[in-house]
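File shown here: structure-v4.csv, holding CSV, C-alpha atoms.
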chain,number,residue,atom,x,y,z
A,1,MET,CA,10.9,-40.7,-0.5
A,2,SER,CA,10.2,-37.0,-0.3
A,3,VAL,CA,13.0,-34.9,1.1
A,4,LEU,CA,13.3,-31.3,2.3
A,5,HIS,CA,14.7,-28.6,0.1
A,6,ALA,CA,18.3,-27.8,0.9
A,7,GLN,CA,17.3,-24.2,1.9
A,8,VAL,CA,14.8,-25.6,4.4
A,9,GLU,CA,17.4,-27.9,5.9
A,10,GLN,CA,19.8,-25.0,6.2
A,11,LEU,CA,17.1,-23.0,8.0
A,12,LEU,CA,16.5,-25.8,10.4
A,13,ARG,CA,20.2,-26.2,11.1
A,14,SER,CA,20.6,-22.5,11.8
A,15,ALA,CA,17.8,-22.5,14.3
A,16,SER,CA,18.5,-22.8,18.0
A,17,THR,CA,19.8,-26.2,19.1
A,18,ARG,CA,17.5,-26.0,22.1
A,19,PRO,CA,14.2,-27.8,21.3
A,20,ALA,CA,11.3,-25.4,20.9
A,21,PRO,CA,8.4,-26.0,23.3
A,22,GLN,CA,5.3,-27.5,21.8
A,23,PRO,CA,2.3,-25.0,21.4
A,24,TRP,CA,0.5,-26.6,24.3
A,25,GLU,CA,3.5,-26.2,26.6
A,26,MET,CA,3.4,-22.4,26.6
A,27,PRO,CA,0.9,-19.7,27.4
A,28,ILE,CA,-1.3,-18.7,24.4
A,29,ALA,CA,0.3,-15.2,24.6
A,30,ALA,CA,3.8,-16.6,24.2
A,31,TYR,CA,2.7,-18.9,21.3
A,32,ARG,CA,1.2,-15.9,19.6
A,33,GLN,CA,4.4,-13.8,20.1
A,34,ALA,CA,6.5,-16.6,18.7
A,35,GLY,CA,4.4,-16.3,15.5
A,36,GLU,CA,4.9,-12.5,15.4
A,37,ASN,CA,8.7,-13.2,15.7
A,38,LEU,CA,8.7,-15.1,12.5
A,39,ARG,CA,8.2,-11.9,10.6
A,40,ALA,CA,12.0,-11.5,10.7
A,41,LEU,CA,12.1,-14.4,8.1
A,42,SER,CA,9.5,-12.9,5.8
A,43,GLY,CA,11.8,-10.7,3.7
A,44,PRO,CA,12.0,-7.0,3.0
A,45,VAL,CA,8.8,-5.0,3.1
A,46,ASP,CA,7.6,-3.3,-0.2
A,47,GLU,CA,6.9,0.3,0.7
A,48,ARG,CA,5.4,1.2,-2.7
A,49,CYS,CA,1.8,0.4,-1.8
A,50,THR,CA,-0.4,2.8,0.2
A,51,VAL,CA,-1.6,1.3,3.5
A,52,ASP,CA,-4.3,2.3,6.0
A,53,ASP,CA,-5.8,0.6,9.0
A,54,PHE,CA,-9.5,0.7,9.8
A,55,THR,CA,-12.3,-1.4,11.3
A,56,ILE,CA,-15.1,-3.5,9.8
A,57,PRO,CA,-18.4,-4.0,11.6
A,58,VAL,CA,-19.4,-7.6,12.1
A,59,ARG,CA,-22.2,-9.3,14.0
A,60,GLU,CA,-20.2,-9.4,17.2
A,61,GLY,CA,-18.8,-5.9,17.1
A,62,VAL,CA,-15.9,-4.9,14.9
A,63,VAL,CA,-12.7,-6.5,13.6
A,64,ALA,CA,-9.4,-4.7,12.6
A,65,ALA,CA,-8.5,-4.5,9.0
A,66,ARG,CA,-5.7,-3.2,6.8
A,67,ARG,CA,-6.1,-2.0,3.2
A,68,TYR,CA,-3.4,-2.0,0.6
A,69,ARG,CA,-3.5,0.0,-2.6
A,70,PRO,CA,-0.9,-0.6,-5.4
A,71,PRO,CA,1.3,2.3,-6.7
A,72,ALA,CA,-0.4,4.8,-8.9
A,73,ALA,CA,-3.8,3.2,-8.3
A,74,GLY,CA,-5.6,6.4,-9.5
A,75,SER,CA,-9.3,6.7,-9.6
A,76,THR,CA,-10.0,3.6,-11.7
A,77,LEU,CA,-11.7,0.7,-9.8
A,78,LEU,CA,-9.3,-2.3,-9.4
A,79,PRO,CA,-9.9,-5.9,-8.7
A,80,GLY,CA,-9.7,-6.7,-5.0
A,81,VAL,CA,-8.8,-9.5,-2.5
A,82,VAL,CA,-10.1,-10.0,1.0
A,83,TYR,CA,-7.2,-11.8,2.7
A,84,LEU,CA,-7.6,-14.0,5.8
A,85,HIS,CA,-4.4,-14.9,7.7
A,86,GLY,CA,-3.3,-18.3,8.9
A,87,GLY,CA,-2.2,-19.4,12.3
A,88,GLY,CA,-4.4,-22.4,13.2
A,89,PHE,CA,-7.3,-20.2,14.3
A,90,VAL,CA,-5.1,-19.5,17.4
A,91,ARG,CA,-2.5,-16.9,16.3
A,92,GLY,CA,-1.7,-14.7,13.3
A,93,SER,CA,-2.4,-11.0,12.8
A,94,LEU,CA,-2.4,-8.1,10.4
A,95,ASP,CA,1.3,-7.7,11.1
A,96,THR,CA,2.4,-11.4,10.6
A,97,HIS,CA,1.0,-11.2,7.1
A,98,ASP,CA,1.8,-7.6,6.2
A,99,ARG,CA,4.7,-8.4,3.9
A,100,LEU,CA,2.7,-11.1,2.1
A,101,CYS,CA,-0.3,-8.8,1.5
A,102,ARG,CA,2.0,-6.0,0.3
A,103,GLU,CA,3.5,-8.4,-2.3
A,104,VAL,CA,0.0,-9.6,-3.5
A,105,CYS,CA,-1.0,-6.0,-3.8
A,106,VAL,CA,2.0,-4.8,-5.8
A,107,GLN,CA,2.7,-7.8,-7.9
A,108,GLY,CA,-0.9,-8.5,-8.7
A,109,GLY,CA,-2.0,-4.8,-9.1
A,110,LEU,CA,-4.8,-5.6,-6.6
A,111,ILE,CA,-6.4,-3.8,-3.7
A,112,VAL,CA,-6.0,-6.1,-0.7
A,113,VAL,CA,-8.1,-5.9,2.5
A,114,SER,CA,-6.5,-8.0,5.3
A,115,VAL,CA,-8.9,-9.0,8.1
A,116,ALA,CA,-8.0,-9.8,11.7
A,117,TYR,CA,-10.8,-12.2,12.8
A,118,ARG,CA,-11.4,-13.4,16.4
A,119,LEU,CA,-9.0,-16.2,17.6
A,120,ALA,CA,-9.4,-19.3,19.7
A,121,PRO,CA,-9.5,-20.3,22.4
A,122,GLU,CA,-11.2,-17.1,23.5
A,123,SER,CA,-13.6,-17.4,20.5
A,124,ARG,CA,-14.5,-20.8,19.3
A,125,TYR,CA,-16.2,-22.1,16.1
A,126,PRO,CA,-17.8,-20.5,14.2
A,127,ALA,CA,-16.5,-17.1,15.4
A,128,ALA,CA,-13.7,-16.9,12.9
A,129,HIS,CA,-16.0,-18.0,10.1
A,130,ASP,CA,-18.6,-15.5,11.1
A,131,ASP,CA,-16.1,-12.7,11.2
A,132,ALA,CA,-14.6,-13.6,7.9
A,133,GLY,CA,-17.9,-13.9,6.1
A,134,ASP,CA,-19.2,-10.7,7.6
A,135,ALA,CA,-16.1,-8.9,6.7
A,136,PHE,CA,-16.2,-10.1,3.1
A,137,THR,CA,-19.8,-9.1,2.8
A,138,TRP,CA,-19.0,-5.6,4.1
A,139,VAL,CA,-16.0,-5.1,1.7
A,140,SER,CA,-18.2,-6.2,-1.2
A,141,GLU,CA,-21.0,-3.8,-0.2
A,142,HIS,CA,-18.5,-0.9,0.2
A,143,ALA,CA,-16.2,-1.9,-2.6
A,144,ASP,CA,-16.4,1.5,-4.4
A,145,ALA,CA,-15.3,3.4,-1.3
A,146,SER,CA,-12.1,1.2,-1.2
A,147,GLY,CA,-11.5,1.6,-5.0
A,148,ILE,CA,-12.5,-2.0,-5.6
A,149,ASP,CA,-14.5,-3.3,-8.6
A,150,GLY,CA,-17.2,-5.2,-6.7
A,151,GLY,CA,-17.6,-7.6,-9.6
A,152,SER,CA,-13.9,-8.6,-9.4
A,153,LEU,CA,-13.5,-9.5,-5.8
A,154,ALA,CA,-11.6,-12.6,-4.5
A,155,VAL,CA,-11.3,-14.2,-1.2
A,156,ALA,CA,-7.9,-15.7,-0.2
A,157,GLY,CA,-6.0,-17.0,2.8
A,158,ASP,CA,-3.3,-19.3,4.0
A,159,SER,CA,-3.5,-22.4,6.3
A,160,SER,CA,-6.5,-21.9,8.5
A,161,GLY,CA,-7.2,-18.7,6.6
A,162,GLY,CA,-7.4,-20.9,3.5
A,163,ALA,CA,-10.3,-22.8,5.2
A,164,LEU,CA,-12.1,-19.6,5.9
A,165,ALA,CA,-11.6,-18.4,2.3
A,166,ALA,CA,-12.7,-21.7,0.8
A,167,GLY,CA,-15.8,-21.6,3.0
A,168,ILE,CA,-16.8,-18.2,1.9
A,169,ALA,CA,-16.1,-19.1,-1.8
A,170,LEU,CA,-18.4,-22.2,-1.6
A,171,ALA,CA,-21.1,-20.4,0.4
A,172,SER,CA,-21.3,-17.7,-2.2
A,173,ARG,CA,-22.8,-20.0,-4.8
A,174,GLY,CA,-26.3,-18.8,-5.7
A,175,HIS,CA,-26.5,-16.3,-2.9
A,176,GLY,CA,-24.5,-13.7,-1.0
A,177,PRO,CA,-21.9,-11.4,-2.4
A,178,PRO,CA,-20.2,-12.7,-5.6
A,179,VAL,CA,-16.7,-14.3,-5.3
A,180,LYS,CA,-14.9,-14.2,-8.6
A,181,ALA,CA,-11.9,-16.2,-7.5
A,182,GLN,CA,-10.4,-18.0,-4.5
A,183,GLY,CA,-6.8,-18.0,-3.5
A,184,LEU,CA,-5.4,-20.7,-1.2
A,185,LEU,CA,-1.9,-20.9,0.2
A,186,CYS,CA,-1.1,-24.2,2.0
A,187,PRO,CA,-4.8,-24.5,3.0
A,188,ALA,CA,-5.9,-26.7,5.9
A,189,LEU,CA,-9.3,-27.7,4.5
A,190,ASP,CA,-10.3,-30.8,6.6
A,191,ALA,CA,-10.8,-30.5,10.3
A,192,THR,CA,-11.3,-34.3,10.5
A,193,MET,CA,-7.6,-34.6,9.3
A,194,SER,CA,-8.5,-37.4,6.9
A,195,SER,CA,-5.7,-36.6,4.3
A,196,ASP,CA,-2.9,-39.2,4.1
A,197,SER,CA,-0.3,-36.4,4.3
A,198,VAL,CA,-1.4,-35.8,7.9
A,199,ASP,CA,0.3,-39.0,8.8
A,200,ARG,CA,3.0,-39.0,6.1
A,201,TYR,CA,4.4,-35.7,7.4
A,202,ALA,CA,3.2,-36.0,11.0
A,203,ASP,CA,6.5,-34.6,12.3
A,204,GLY,CA,6.5,-31.5,10.1
A,205,PRO,CA,8.7,-29.4,10.1
A,206,PHE,CA,6.8,-26.1,11.0
A,207,LEU,CA,3.5,-28.0,11.3
A,208,THR,CA,3.0,-31.4,13.0
A,209,ARG,CA,0.0,-33.6,13.2
A,210,ALA,CA,-0.1,-33.0,17.0
A,211,ALA,CA,0.0,-29.2,16.6
A,212,LEU,CA,-2.7,-29.4,13.9
A,213,GLU,CA,-4.9,-31.4,16.2
A,214,TRP,CA,-4.3,-29.1,19.1
A,215,SER,CA,-5.4,-26.1,17.0
A,216,TYR,CA,-8.6,-27.9,15.9
A,217,ASP,CA,-9.2,-28.9,19.5
A,218,LEU,CA,-9.1,-25.3,20.6
A,219,TYR,CA,-11.3,-23.9,17.8
A,220,VAL,CA,-13.6,-26.8,16.7
A,221,PRO,CA,-13.8,-29.1,19.7
A,222,ASP,CA,-17.1,-30.7,18.7
A,223,ALA,CA,-16.7,-33.7,16.3
A,224,ASP,CA,-19.9,-33.1,14.5
A,225,ASP,CA,-18.9,-29.5,13.8
A,226,ARG,CA,-15.6,-30.7,12.3
A,227,ARG,CA,-17.5,-32.8,9.8
A,228,SER,CA,-19.5,-29.8,8.5
A,229,ASN,CA,-18.9,-28.3,5.1
A,230,LEU,CA,-18.2,-25.0,6.8
A,231,ALA,CA,-15.4,-26.3,9.1
A,232,SER,CA,-14.1,-28.7,6.4
A,233,PRO,CA,-14.6,-27.4,2.9
A,234,LEU,CA,-12.9,-30.5,1.6
A,235,LEU,CA,-15.8,-32.6,2.7
A,236,THR,CA,-18.3,-30.7,0.4
A,237,ARG,CA,-19.6,-33.3,-2.0
A,238,ASP,CA,-20.7,-30.9,-4.8
A,239,LEU,CA,-18.4,-28.1,-5.9
A,240,THR,CA,-20.4,-27.2,-9.0
A,241,GLY,CA,-20.4,-23.5,-9.5
A,242,ALA,CA,-17.5,-22.7,-7.2
A,243,PRO,CA,-15.2,-19.8,-8.1
A,244,PRO,CA,-12.0,-20.6,-10.0
A,245,ALA,CA,-9.0,-21.1,-7.8
A,246,VAL,CA,-5.3,-20.5,-7.4
A,247,ILE,CA,-3.9,-23.1,-5.0
A,248,VAL,CA,-0.3,-23.1,-3.8
A,249,SER,CA,1.1,-25.8,-1.5
A,250,GLY,CA,4.3,-27.3,-0.2
A,251,GLN,CA,5.1,-31.0,-0.6
A,252,ILE,CA,6.4,-31.6,2.9
A,253,ASP,CA,3.3,-30.6,4.7
A,254,PRO,CA,0.6,-32.4,6.8
A,255,VAL,CA,-2.1,-30.6,4.8
A,256,ALA,CA,-0.4,-31.0,1.4
A,257,ASP,CA,-3.1,-33.5,0.3
A,258,ASP,CA,-5.9,-31.1,1.4
A,259,ALA,CA,-4.7,-28.8,-1.3
A,260,ARG,CA,-4.3,-31.5,-3.9
A,261,ARG,CA,-7.6,-33.2,-3.2
A,262,TYR,CA,-9.5,-29.9,-3.2
A,263,GLY,CA,-7.9,-28.9,-6.5
A,264,GLU,CA,-8.8,-32.2,-8.1
A,265,MET,CA,-12.4,-32.0,-6.9
A,266,LEU,CA,-12.8,-28.5,-8.3
A,267,ALA,CA,-11.3,-29.6,-11.6
A,268,ALA,CA,-13.7,-32.6,-11.7
A,269,ALA,CA,-16.6,-30.1,-11.2
A,270,GLY,CA,-15.4,-28.2,-14.3
A,271,ILE,CA,-13.9,-25.3,-12.3
A,272,GLU,CA,-10.7,-23.6,-13.5
A,273,VAL,CA,-7.9,-24.4,-11.1
A,274,ARG,CA,-4.3,-23.3,-11.1
A,275,SER,CA,-2.4,-25.6,-8.8
A,276,HIS,CA,1.3,-25.3,-7.8
A,277,GLU,CA,3.0,-27.7,-5.4
A,278,TYR,CA,6.6,-26.8,-4.4
A,279,LYS,CA,8.9,-29.8,-4.0
A,280,GLY,CA,10.6,-30.0,-0.7
A,281,MET,CA,8.7,-27.1,0.8
A,282,PRO,CA,7.1,-27.2,4.3
A,283,HIS,CA,3.9,-25.7,5.6
A,284,SER,CA,3.4,-21.9,5.2
A,285,PHE,CA,6.7,-21.5,3.3
A,286,PRO,CA,5.6,-18.3,1.5
A,287,LEU,CA,5.8,-16.6,4.9
A,288,LEU,CA,9.5,-17.5,5.0
A,289,ALA,CA,10.3,-15.7,1.7
A,290,GLY,CA,13.2,-13.9,3.3
A,291,VAL,CA,15.1,-17.1,3.6
A,292,LEU,CA,13.4,-19.5,1.1
A,293,ASP,CA,13.6,-18.6,-2.6
A,294,ASP,CA,10.6,-20.7,-3.4
A,295,GLY,CA,8.6,-18.7,-0.8
A,296,GLY,CA,9.1,-15.5,-2.8
A,297,HIS,CA,8.4,-17.4,-6.1
A,298,ALA,CA,5.2,-18.8,-4.7
A,299,ILE,CA,3.9,-15.4,-3.7
A,300,THR,CA,4.6,-14.1,-7.2
A,301,VAL,CA,2.7,-17.1,-8.7
A,302,PHE,CA,-0.1,-16.6,-6.3
A,303,ALA,CA,-0.5,-12.8,-6.9
A,304,ARG,CA,-0.3,-13.1,-10.7
A,305,GLY,CA,-2.7,-16.0,-10.7
A,306,LEU,CA,-5.3,-14.1,-8.7
A,307,SER,CA,-4.8,-11.1,-10.9
A,308,ASP,CA,-5.3,-13.2,-14.1
A,309,LEU,CA,-8.5,-14.8,-12.7
A,310,LEU,CA,-9.9,-11.5,-11.5
A,311,ARG,CA,-9.2,-9.7,-14.8
A,312,GLN,CA,-10.7,-12.4,-17.0
A,313,VAL,CA,-13.9,-11.5,-18.8
A,314,ARG,CA,-16.3,-14.5,-18.5
A,315,THR,CA,-19.3,-15.1,-20.7
A,316,PRO,CA,-22.3,-16.0,-18.7
A,317,VAL,CA,-23.5,-19.6,-19.2
A,318,PRO,CA,-27.0,-19.5,-20.9
Encoded form (structure tokens):
Amino acid sequence: MSVLHAQVEQLLRSASTRPAPQPWEMPIAAYRQAGENLRALSGPVDERCTVDDFTIPVREGVVAARRYRPPAAGSTLLPGVVYLHGGGFVRGSLDTHDRLCREVCVQGGLIVVSVAYRLAPESRYPAAHDDAGDAFTWVSEHADASGIDGGSLAVAGDSSGGALAAGIALASRGHGPPVKAQGLLCPALDATMSSDSVDRYADGPFLTRAALEWSYDLYVPDADDRRSNLASPLLTRDLTGAPPAVIVSGQIDPVADDARRYGEMLAAAGIEVRSHEYKGMPHSFPLLAGVLDDGGHAITVFARGLSDLLRQVRTPVP
């Protein structure tokens, strides 16, 4: 029987004894603010990278973005990562994932562009996917201006952002801007929720089956849309030619099997996969690196794994 890590149990004990309301029991604004409040558990902020905010044009207007450059980047073009935050397509922001993006930037020696796509329920499927894809295309087309080597550009994300990242990575095969690597943290890759772990860890903590279903109901209410490869990358039958991947997951997570199954499918298709499952860790534990040692370790593994994949020299297949 899987058990929570001792640090996770301590974190849960230290939380308020008053039961937290379910996401659907509070206004969307309050739910989003609760997510912003979790930044207090993310750990100290690395001030060594250079950060600037800007906007990216997309088909429905513009989205906010934040660019991170590592220390002493100089004039040499560096590998880059377009990062898509998690939050069940309902919450999450540039700020909630600021510390994580800084660490990926500094530890990986990468230029990171974090993208704030539109959220549900105000904007339903495929709004987030459209914004994410448009933003990746724009960064790729303007890579030089950001100091990025356009031939060494990855897409990455956590939770729902992982679904967006995997969707972009798979769509890039044969057309569109090249994706050299994909990075997925605790990815939710199946809107039909067919993984066994959805029931095995239905009560969480930090993500429950009910909360996962609520999020999908808000963003992808149509059952046919949920079965599409775009909404559910895990349901893609042929992964041939997909970019290599770094996949980090927690064991005690309703979407743990999404990560495992996707990694196995990529490997079966001959794709290089670096998978890391952390025993006793819950959903999105890297965002709790200030109180969970494995959260910090996972970020390091993730950043260095992406850096390795992006800096590899590959010989084209004849």
Practice item. Determine, counting only C-alpha atoms, which protein, DNA and RNA residues have an atom within 7 Å of an atom of region 113-122 of chain A; residues of the same chain fewer than 3 positions away are not included. Present the result as a PyMOL selection string. Key: chain A and resi 63-68+81-84+89-91+93-94+127-128+131-132+218-219
Practice item. Within 12 Å of Asn37 (chain A), counting only C-alpha atoms, which residues show up once you throw out same-chain ones fewer than 5 positions away? Write them as a ChimeraX atom specification, please. Key: /A:30-32,42,91-93,95-97,287-288
Preceding selection exported with C-alpha atoms as a compact mmCIF listing (two decimals), in the coordinates of the input:
# COMPACT_ATOMS: atom_id res chain seq x y z
CA ALA A 30 3.80 -16.60 24.20
CA TYR A 31 2.70 -18.90 21.30
CA ARG A 32 1.20 -15.90 19.60
CA SER A 42 9.50 -12.90 5.80
CA ARG A 91 -2.50 -16.90 16.30
CA GLY A 92 -1.70 -14.70 13.30
CA SER A 93 -2.40 -11.00 12.80
CA ASP A 95 1.30 -7.70 11.10
CA THR A 96 2.40 -11.40 10.60
CA HIS A 97 1.00 -11.20 7.10
CA LEU A 287 5.80 -16.60 4.90
CA LEU A 288 9.50 -17.50 5.00
Revision key, fill the gap. For Gln33 (chain A), the closest of A:Lys180, A:Ser159, A:Gly87, A:Ala202 counting all atoms listed in the file is A:Gly87
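For the residues A:Leu185, A:Ala20, A:Met193, A:Leu78, ranking by smallest atom-to-atom distance to Pro205 (chain A) using only C-alpha atoms places A:Ala20 first.
Considering the residues A:Ser123, A:Asn229, A:Ser249, A:Ser307 and counting all atoms listed in the file, Ala171 (chain A) has its shortest atom-to-atom contact with A:Asn229.
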Review point. What gap, in Å, lies between CA of Asp196 (chain A) and CA of Arg261 (chain A)?
Key: 10.6 Å
Study note, to complete from the structure: Between A:Pro243, A:Pro126, A:Pro286, A:Gly88, smallest distance to Glu60 (chain A) by only C-alpha atoms belongs to A:Pro126
Check your understanding: Pick the closest to Thr236 (chain A) from A:Trp138, A:Phe54, A:Tyr262, A:Tyr216: which is it, counting all atoms listed in the file?
Key -> A:Tyr262
**Study point:** From A:Ala267, A:Ala256, A:Asp130, A:Tyr278, residue lying nearest Gly296 (chain A) [only C-alpha atoms]
**Key:** A:Tyr278
Exercise for review: Might you pull out every residue within 12 Å of Pro21 (chain A), with only C-alpha atoms counted and same-chain residues fewer than 2 positions away left off, and present them as a list in words?
Suggested key: Ser16, Arg18, Pro19, Pro23, Trp24, Glu25, Met26, Pro27, Ala30, Tyr31, Ala34 and Ala211 of chain A
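Rounded to one decimal, CA of Asp144 (chain A) and CA of Asp98 (chain A) lie 22.9 Å from each other.
For the pair CA of Ile148 (chain A) and CA of Gln182 (chain A), the separation is 16.2 Å.
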Set the distance at 8 Å and use only C-alpha atoms: which residues neighbour Gly86 (chain A) once local chain neighbours fewer than 6 positions away are removed? I'd like the list as a PDB file with C-alpha atoms, in the frame of the given file.
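part26.pdb was written with the following content:
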ATOM      1  CA  GLY A  92      -1.700 -14.700  13.300  1.00  0.00           C
ATOM      2  CA  GLY A 157      -6.000 -17.000   2.800  1.00  0.00           C
ATOM      3  CA  ASP A 158      -3.300 -19.300   4.000  1.00  0.00           C
ATOM      4  CA  SER A 159      -3.500 -22.400   6.300  1.00  0.00           C
ATOM      5  CA  SER A 160      -6.500 -21.900   8.500  1.00  0.00           C
ATOM      6  CA  GLY A 161      -7.200 -18.700   6.600  1.00  0.00           C
ATOM      7  CA  GLY A 162      -7.400 -20.900   3.500  1.00  0.00           C
TER       8      GLY A 162
END
Point to revise | Long-range neighbours of Ser195 (chain A) as an NGL selection string, 12 Å cut-off, all atoms listed in the file, 4 positions minimum in chain | key: :A and (188-191 or 199-202 or 209 or 232 or 234-235 or 253-262)
Restricted to C-alpha atoms, what would the selected residues look like written as a PDB file, keeping the file's coordinate frame?
ATOM      1  CA  ALA A 188      -5.900 -26.700   5.900  1.00  0.00           C
ATOM      2  CA  LEU A 189      -9.300 -27.700   4.500  1.00  0.00           C
ATOM      3  CA  ASP A 190     -10.300 -30.800   6.600  1.00  0.00           C
ATOM      4  CA  ALA A 191     -10.800 -30.500  10.300  1.00  0.00           C
ATOM      5  CA  ASP A 199       0.300 -39.000   8.800  1.00  0.00           C
ATOM      6  CA  ARG A 200       3.000 -39.000   6.100  1.00  0.00           C
ATOM      7  CA  TYR A 201       4.400 -35.700   7.400  1.00  0.00           C
ATOM      8  CA  ALA A 202       3.200 -36.000  11.000  1.00  0.00           C
ATOM      9  CA  ARG A 209       0.000 -33.600  13.200  1.00  0.00           C
ATOM     10  CA  SER A 232     -14.100 -28.700   6.400  1.00  0.00           C
ATOM     11  CA  LEU A 234     -12.900 -30.500   1.600  1.00  0.00           C
ATOM     12  CA  LEU A 235     -15.800 -32.600   2.700  1.00  0.00           C
ATOM     13  CA  ASP A 253       3.300 -30.600   4.700  1.00  0.00           C
ATOM     14  CA  PRO A 254       0.600 -32.400   6.800  1.00  0.00           C
ATOM     15  CA  VAL A 255      -2.100 -30.600   4.800  1.00  0.00           C
ATOM     16  CA  ALA A 256      -0.400 -31.000   1.400  1.00  0.00           C
ATOM     17  CA  ASP A 257      -3.100 -33.500   0.300  1.00  0.00           C
ATOM     18  CA  ASP A 258      -5.900 -31.100   1.400  1.00  0.00           C
ATOM     19  CA  ALA A 259      -4.700 -28.800  -1.300  1.00  0.00           C
ATOM     20  CA  ARG A 260      -4.300 -31.500  -3.900  1.00  0.00           C
ATOM     21  CA  ARG A 261      -7.600 -33.200  -3.200  1.00  0.00           C
ATOM     22  CA  TYR A 262      -9.500 -29.900  -3.200  1.00  0.00           C
TER      23      TYR A 262
END
